[in-house]
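These notes are about the structure you will find just below.
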Amino acid sequence: MSRVRVTSLNRVPALYSRVLELQKLLFAKRKAGTVDDTLLVLQHSPVYTMGKRGSMNDLKSSMEEIQSKGIEIVSGVSRGGETTYHGPGQIVVYPIINLRSLGLGARKYVESLEDAMIDTAAIYGLSCQGRVPGKTGVWLDGNKIGAVGVAISGGVSYHGISFNASPDLSAFRDIVACGDTMSKTTSLEQELKPQKINLNTVATQLSENIITRLGHEGEQVQIGDIFDEIDRYV
């Protein structure tokens, strides 16, 4: 069984475009068998990304207004889903994994990622749900706390999940998040007020839950943060 390379959570948020470039390189290397399975665990700088079903119609404010808030807009992303937000305080995990070697199909893979977020919220006493009819991601009392948007090719995954630990939830107001005009978004910190959470701890719990849910038995190897990985490959 191959190793699992895991990045530690970065303190300085990372630009989406740089991480996407890294993902593509690691994805190609994983397909070629020249790098082990990898979990990129990170925080992004503020960005709205549009998946295969996303469009500029998902923006509730003008591009000028959004960009004046320091939020990047990236369209044409190859993951599934519509438009979503990433930013500081939100833990993003991009598993670049050979799913065939784990015997996982697409549906089981997505459900495993949802379950890992549910497991993480449960550590803090929150009872979340996945597989909600007509919806994607992970929910708590009708509010979304975790999103899934993956891509799989040749049995290898990229893109992944975002888990709202303590992001600025107001950033979701300027978009139709994940194509859902009615639902609201919440976070771990919002639900636990006035308790503060430790982002590094939550990130570690989430990555460990992902590895467990995927049934991966490889040795976990810490490889620095996302910037170390960018320096290594990009």
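As shown in the structure tokens, the chain order sets the letters A, B, ...; within each chain, residues go from 1, and ligands are also counted from 1 in the order they appear.
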
Subject >> Within 12 Å of A:Gln222 using only C-alpha atoms, minus same-chain residues under 3 positions, as a PyMOL selection string >> reply: chain A and resi 3-9+38-41+204+207-208+219+225-226+228-229

**OP:** Enumerate, as a ChimeraX atom specification, the complete set of residues in stretch 1-218 of chain A that a backbone-based DSSP assignment places in alpha helix (DSSP H).
**Re:** /A:16-32,63-68,106-123,188-192,199-213

Give me the residues near A:Val138 as a PDB file with all heavy atoms, in the first residue's frame, where near means some atom within 9 Å (using only C-alpha atoms) and where sequence neighbours in that chain fewer than 3 positions away do not count.
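Once written, part-v3.pdb looks like this:
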```pdb
ATOM      1  N   GLU A 114     -18.076  13.196   2.427  1.00  0.00           N
ATOM      2  CA  GLU A 114     -19.149  13.772   3.244  1.00  0.00           C
ATOM      3  C   GLU A 114     -19.098  13.216   4.672  1.00  0.00           C
ATOM      4  O   GLU A 114     -19.210  13.962   5.648  1.00  0.00           O
ATOM      5  CB  GLU A 114     -20.507  13.464   2.612  1.00  0.00           C
ATOM      6  CG  GLU A 114     -20.783  14.199   1.326  1.00  0.00           C
ATOM      7  CD  GLU A 114     -22.117  13.835   0.707  1.00  0.00           C
ATOM      8  OE1 GLU A 114     -22.676  12.775   1.077  1.00  0.00           O
ATOM      9  OE2 GLU A 114     -22.609  14.592  -0.143  1.00  0.00           O
ATOM     10  N   ASP A 115     -18.930  11.904   4.776  1.00  0.00           N
ATOM     11  CA  ASP A 115     -18.903  11.273   6.098  1.00  0.00           C
ATOM     12  C   ASP A 115     -17.726  11.764   6.935  1.00  0.00           C
ATOM     13  O   ASP A 115     -17.831  11.885   8.162  1.00  0.00           O
ATOM     14  CB  ASP A 115     -18.845   9.754   5.957  1.00  0.00           C
ATOM     15  CG  ASP A 115     -20.158   9.155   5.481  1.00  0.00           C
ATOM     16  OD1 ASP A 115     -21.200   9.830   5.614  1.00  0.00           O
ATOM     17  OD2 ASP A 115     -20.152   8.024   4.972  1.00  0.00           O
ATOM     18  N   MET A 117     -16.481  14.781   6.900  1.00  0.00           N
ATOM     19  CA  MET A 117     -16.872  16.079   7.443  1.00  0.00           C
ATOM     20  C   MET A 117     -17.885  15.908   8.572  1.00  0.00           C
ATOM     21  O   MET A 117     -17.833  16.607   9.595  1.00  0.00           O
ATOM     22  CB  MET A 117     -17.432  16.975   6.336  1.00  0.00           C
ATOM     23  CG  MET A 117     -16.362  17.455   5.356  1.00  0.00           C
ATOM     24  SD  MET A 117     -16.947  18.729   4.205  1.00  0.00           S
ATOM     25  CE  MET A 117     -17.806  17.708   2.985  1.00  0.00           C
ATOM     26  N   ILE A 118     -18.814  14.965   8.409  1.00  0.00           N
ATOM     27  CA  ILE A 118     -19.795  14.674   9.455  1.00  0.00           C
ATOM     28  C   ILE A 118     -19.084  14.189  10.720  1.00  0.00           C
ATOM     29  O   ILE A 118     -19.402  14.607  11.838  1.00  0.00           O
ATOM     30  CB  ILE A 118     -20.812  13.639   8.956  1.00  0.00           C
ATOM     31  CG1 ILE A 118     -21.691  14.247   7.851  1.00  0.00           C
ATOM     32  CG2 ILE A 118     -21.684  13.121  10.101  1.00  0.00           C
ATOM     33  CD1 ILE A 118     -22.553  13.247   7.113  1.00  0.00           C
ATOM     34  N   CYS A 128     -24.533  16.427  11.946  1.00  0.00           N
ATOM     35  CA  CYS A 128     -24.738  16.880  10.565  1.00  0.00           C
ATOM     36  C   CYS A 128     -25.250  15.734   9.692  1.00  0.00           C
ATOM     37  O   CYS A 128     -25.176  14.564  10.064  1.00  0.00           O
ATOM     38  CB  CYS A 128     -23.440  17.429   9.994  1.00  0.00           C
ATOM     39  SG  CYS A 128     -22.824  18.890  10.858  1.00  0.00           S
ATOM     40  N   GLN A 129     -25.745  16.096   8.522  1.00  0.00           N
ATOM     41  CA  GLN A 129     -26.270  15.107   7.590  1.00  0.00           C
ATOM     42  C   GLN A 129     -25.669  15.293   6.204  1.00  0.00           C
ATOM     43  O   GLN A 129     -25.428  16.420   5.768  1.00  0.00           O
ATOM     44  CB  GLN A 129     -27.801  15.209   7.476  1.00  0.00           C
ATOM     45  CG  GLN A 129     -28.572  14.983   8.757  1.00  0.00           C
ATOM     46  CD  GLN A 129     -28.615  16.216   9.642  1.00  0.00           C
ATOM     47  OE1 GLN A 129     -28.772  17.333   9.146  1.00  0.00           O
ATOM     48  NE2 GLN A 129     -28.481  16.030  10.938  1.00  0.00           N
ATOM     49  N   GLY A 130     -25.466  14.183   5.523  1.00  0.00           N
ATOM     50  CA  GLY A 130     -25.124  14.176   4.105  1.00  0.00           C
ATOM     51  C   GLY A 130     -26.221  13.455   3.344  1.00  0.00           C
ATOM     52  O   GLY A 130     -27.194  12.994   3.927  1.00  0.00           O
ATOM     53  N   ARG A 131     -26.061  13.390   2.013  1.00  0.00           N
ATOM     54  CA  ARG A 131     -27.048  12.719   1.180  1.00  0.00           C
ATOM     55  C   ARG A 131     -28.465  13.260   1.404  1.00  0.00           C
ATOM     56  O   ARG A 131     -29.444  12.525   1.462  1.00  0.00           O
ATOM     57  CB  ARG A 131     -27.045  11.193   1.385  1.00  0.00           C
ATOM     58  CG  ARG A 131     -26.043  10.475   0.529  1.00  0.00           C
ATOM     59  CD  ARG A 131     -24.675  10.445   1.184  1.00  0.00           C
ATOM     60  NE  ARG A 131     -24.551   9.334   2.138  1.00  0.00           N
ATOM     61  CZ  ARG A 131     -23.531   9.209   2.990  1.00  0.00           C
ATOM     62  NH1 ARG A 131     -22.568  10.126   3.018  1.00  0.00           N
ATOM     63  NH2 ARG A 131     -23.452   8.180   3.790  1.00  0.00           N
ATOM     64  N   VAL A 132     -28.580  14.573   1.588  1.00  0.00           N
ATOM     65  CA  VAL A 132     -29.883  15.206   1.719  1.00  0.00           C
ATOM     66  C   VAL A 132     -30.530  15.249   0.336  1.00  0.00           C
ATOM     67  O   VAL A 132     -29.906  15.716  -0.623  1.00  0.00           O
ATOM     68  CB  VAL A 132     -29.743  16.631   2.297  1.00  0.00           C
ATOM     69  CG1 VAL A 132     -31.084  17.336   2.336  1.00  0.00           C
ATOM     70  CG2 VAL A 132     -29.117  16.569   3.686  1.00  0.00           C
ATOM     71  N   LYS A 135     -29.879  17.861  -2.609  1.00  0.00           N
ATOM     72  CA  LYS A 135     -28.794  18.744  -2.218  1.00  0.00           C
ATOM     73  C   LYS A 135     -27.470  17.985  -2.209  1.00  0.00           C
ATOM     74  O   LYS A 135     -27.450  16.759  -2.143  1.00  0.00           O
ATOM     75  CB  LYS A 135     -29.053  19.344  -0.828  1.00  0.00           C
ATOM     76  CG  LYS A 135     -30.314  20.197  -0.732  1.00  0.00           C
ATOM     77  CD  LYS A 135     -30.497  20.739   0.663  1.00  0.00           C
ATOM     78  CE  LYS A 135     -31.766  21.553   0.817  1.00  0.00           C
ATOM     79  NZ  LYS A 135     -31.735  22.795   0.026  1.00  0.00           N
ATOM     80  N   ASN A 143     -28.753  24.274   7.221  1.00  0.00           N
ATOM     81  CA  ASN A 143     -27.667  25.179   6.827  1.00  0.00           C
ATOM     82  C   ASN A 143     -26.460  24.377   6.385  1.00  0.00           C
ATOM     83  O   ASN A 143     -26.104  23.377   7.012  1.00  0.00           O
ATOM     84  CB  ASN A 143     -27.287  26.087   7.997  1.00  0.00           C
ATOM     85  CG  ASN A 143     -28.425  26.978   8.434  1.00  0.00           C
ATOM     86  OD1 ASN A 143     -29.175  27.507   7.616  1.00  0.00           O
ATOM     87  ND2 ASN A 143     -28.584  27.138   9.736  1.00  0.00           N
ATOM     88  N   LYS A 144     -25.809  24.831   5.336  1.00  0.00           N
ATOM     89  CA  LYS A 144     -24.680  24.087   4.769  1.00  0.00           C
ATOM     90  C   LYS A 144     -23.394  24.402   5.520  1.00  0.00           C
ATOM     91  O   LYS A 144     -23.048  25.567   5.713  1.00  0.00           O
ATOM     92  CB  LYS A 144     -24.514  24.423   3.291  1.00  0.00           C
ATOM     93  CG  LYS A 144     -23.619  23.449   2.535  1.00  0.00           C
ATOM     94  CD  LYS A 144     -23.772  23.621   1.032  1.00  0.00           C
ATOM     95  CE  LYS A 144     -23.128  22.479   0.265  1.00  0.00           C
ATOM     96  NZ  LYS A 144     -23.380  22.575  -1.189  1.00  0.00           N
ATOM     97  N   ILE A 145     -22.681  23.347   5.900  1.00  0.00           N
ATOM     98  CA  ILE A 145     -21.414  23.525   6.612  1.00  0.00           C
ATOM     99  C   ILE A 145     -20.236  22.952   5.830  1.00  0.00           C
ATOM    100  O   ILE A 145     -19.089  23.302   6.084  1.00  0.00           O
ATOM    101  CB  ILE A 145     -21.492  22.893   8.019  1.00  0.00           C
ATOM    102  CG1 ILE A 145     -20.349  23.377   8.912  1.00  0.00           C
ATOM    103  CG2 ILE A 145     -21.542  21.359   7.942  1.00  0.00           C
ATOM    104  CD1 ILE A 145     -20.515  23.013  10.380  1.00  0.00           C
ATOM    105  N   GLY A 146     -20.514  22.104   4.840  1.00  0.00           N
ATOM    106  CA  GLY A 146     -19.438  21.508   4.047  1.00  0.00           C
ATOM    107  C   GLY A 146     -19.866  21.267   2.615  1.00  0.00           C
ATOM    108  O   GLY A 146     -21.012  20.864   2.366  1.00  0.00           O
ATOM    109  N   ALA A 147     -18.966  21.528   1.677  1.00  0.00           N
ATOM    110  CA  ALA A 147     -19.265  21.368   0.255  1.00  0.00           C
ATOM    111  C   ALA A 147     -18.338  20.332  -0.378  1.00  0.00           C
ATOM    112  O   ALA A 147     -17.195  20.162   0.059  1.00  0.00           O
ATOM    113  CB  ALA A 147     -19.125  22.703  -0.476  1.00  0.00           C
ATOM    114  N   VAL A 148     -18.854  19.671  -1.410  1.00  0.00           N
ATOM    115  CA  VAL A 148     -18.085  18.680  -2.161  1.00  0.00           C
ATOM    116  C   VAL A 148     -18.120  19.052  -3.639  1.00  0.00           C
ATOM    117  O   VAL A 148     -19.188  19.303  -4.195  1.00  0.00           O
ATOM    118  CB  VAL A 148     -18.645  17.255  -1.989  1.00  0.00           C
ATOM    119  CG1 VAL A 148     -17.816  16.251  -2.775  1.00  0.00           C
ATOM    120  CG2 VAL A 148     -18.700  16.864  -0.522  1.00  0.00           C
ATOM    121  N   PHE A 163     -14.679  22.728   4.188  1.00  0.00           N
ATOM    122  CA  PHE A 163     -15.372  22.595   5.464  1.00  0.00           C
ATOM    123  C   PHE A 163     -15.293  23.929   6.190  1.00  0.00           C
ATOM    124  O   PHE A 163     -14.202  24.459   6.438  1.00  0.00           O
ATOM    125  CB  PHE A 163     -14.713  21.491   6.298  1.00  0.00           C
ATOM    126  CG  PHE A 163     -15.397  21.208   7.604  1.00  0.00           C
ATOM    127  CD1 PHE A 163     -16.654  20.613   7.635  1.00  0.00           C
ATOM    128  CD2 PHE A 163     -14.785  21.522   8.806  1.00  0.00           C
ATOM    129  CE1 PHE A 163     -17.284  20.345   8.846  1.00  0.00           C
ATOM    130  CE2 PHE A 163     -15.395  21.258  10.019  1.00  0.00           C
ATOM    131  CZ  PHE A 163     -16.651  20.667  10.040  1.00  0.00           C
TER     132      PHE A 163
END
```

Cut-off 8 Å: closest stretch 77-104 of chain A/stretch 42-60 of chain A atom pairs per residue, using only C-alpha atoms, as CSV:
```
residue,atom,partner,partner_atom,distance
A:Val77,CA,A:Gly51,CA,4.8
A:Ser78,CA,A:Gly51,CA,6.0
A:Arg79,CA,A:Gly51,CA,5.3
A:Gly80,CA,A:Lys52,CA,5.5
A:Gly81,CA,A:Gly51,CA,5.1
A:Glu82,CA,A:Gly54,CA,3.7
A:Thr83,CA,A:Met50,CA,4.2
A:Thr84,CA,A:Thr49,CA,5.6
A:Tyr85,CA,A:Tyr48,CA,4.6
A:His86,CA,A:Val47,CA,5.4
A:Gly87,CA,A:Pro46,CA,4.1
A:Pro88,CA,A:Gln43,CA,5.5
A:Gly89,CA,A:Gln43,CA,6.8
A:Gln90,CA,A:Gln43,CA,6.1
A:Ile91,CA,A:Gln43,CA,5.6
A:Val92,CA,A:Leu42,CA,5.3
A:Val93,CA,A:Leu42,CA,6.5
```

Would you mind listing, for every residue of stretch 28-139 of chain A within 6 Å of stretch 153-162 of chain A, the two atoms forming the shortest contact and the distance between them in Å to one decimal, using only C-alpha atoms, sorted by chain and ascending residue number, as a tab-separated table?
```
residue	atom	partner	partner_atom	distance
A:Ile91	CA	A:Ser162	CA	5.6
A:Val92	CA	A:Ser162	CA	4.3
A:Val93	CA	A:Ile161	CA	5.4
A:Tyr94	CA	A:Gly160	CA	4.5
A:Pro95	CA	A:Tyr158	CA	5.8
A:Ile96	CA	A:Tyr158	CA	4.9
A:Ile97	CA	A:Ser157	CA	5.3
A:Asn98	CA	A:Val156	CA	4.5
A:Leu99	CA	A:Gly155	CA	5.5
A:Arg100	CA	A:Gly155	CA	5.4
```

Subject >> Straight-line distance linking atom CA of A:Gln190 with atom CA of A:Ala14, stated in Å to one decimal >> reply: 23.5 Å

**OP:** Would you list, as a PyMOL selection string, the residues of stretch 34-140 of chain A that end up in strand (DSSP E) under DSSP run on this structure's backbone?
**Re:** chain A and resi 37-42+47-50+72-74+83-86+90-96+138-140

**OP:** Can you pull out every residue within 9 Å of A:Val234, counting only C-alpha atoms, but drop anything in the same chain fewer than 4 positions away, and send it as a PyMOL selection string?
**Re:** chain A and resi 18+21-22+25+229-230

Preceding selection exported with C-alpha atoms as a JSON list (two decimals), in the first residue's frame:
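Output (part_37.json):
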```
[["chain", "number", "residue", "atom", "x", "y", "z"],
["A", 18, "ARG", "CA", -1.28, 28.49, -7.77],
["A", 21, "GLU", "CA", -1.60, 24.47, -11.00],
["A", 22, "LEU", "CA", -0.11, 22.25, -8.30],
["A", 25, "LEU", "CA", 0.80, 18.54, -11.80],
["A", 229, "GLU", "CA", 4.57, 21.60, -2.00],
["A", 230, "ILE", "CA", 4.31, 24.40, -4.58]]
```

Subject >> Residue among A:Val19, A:Glu217, A:Ser2, A:Gln195 lying closest to A:Thr34, counting only C-alpha atoms >> reply: A:Ser2
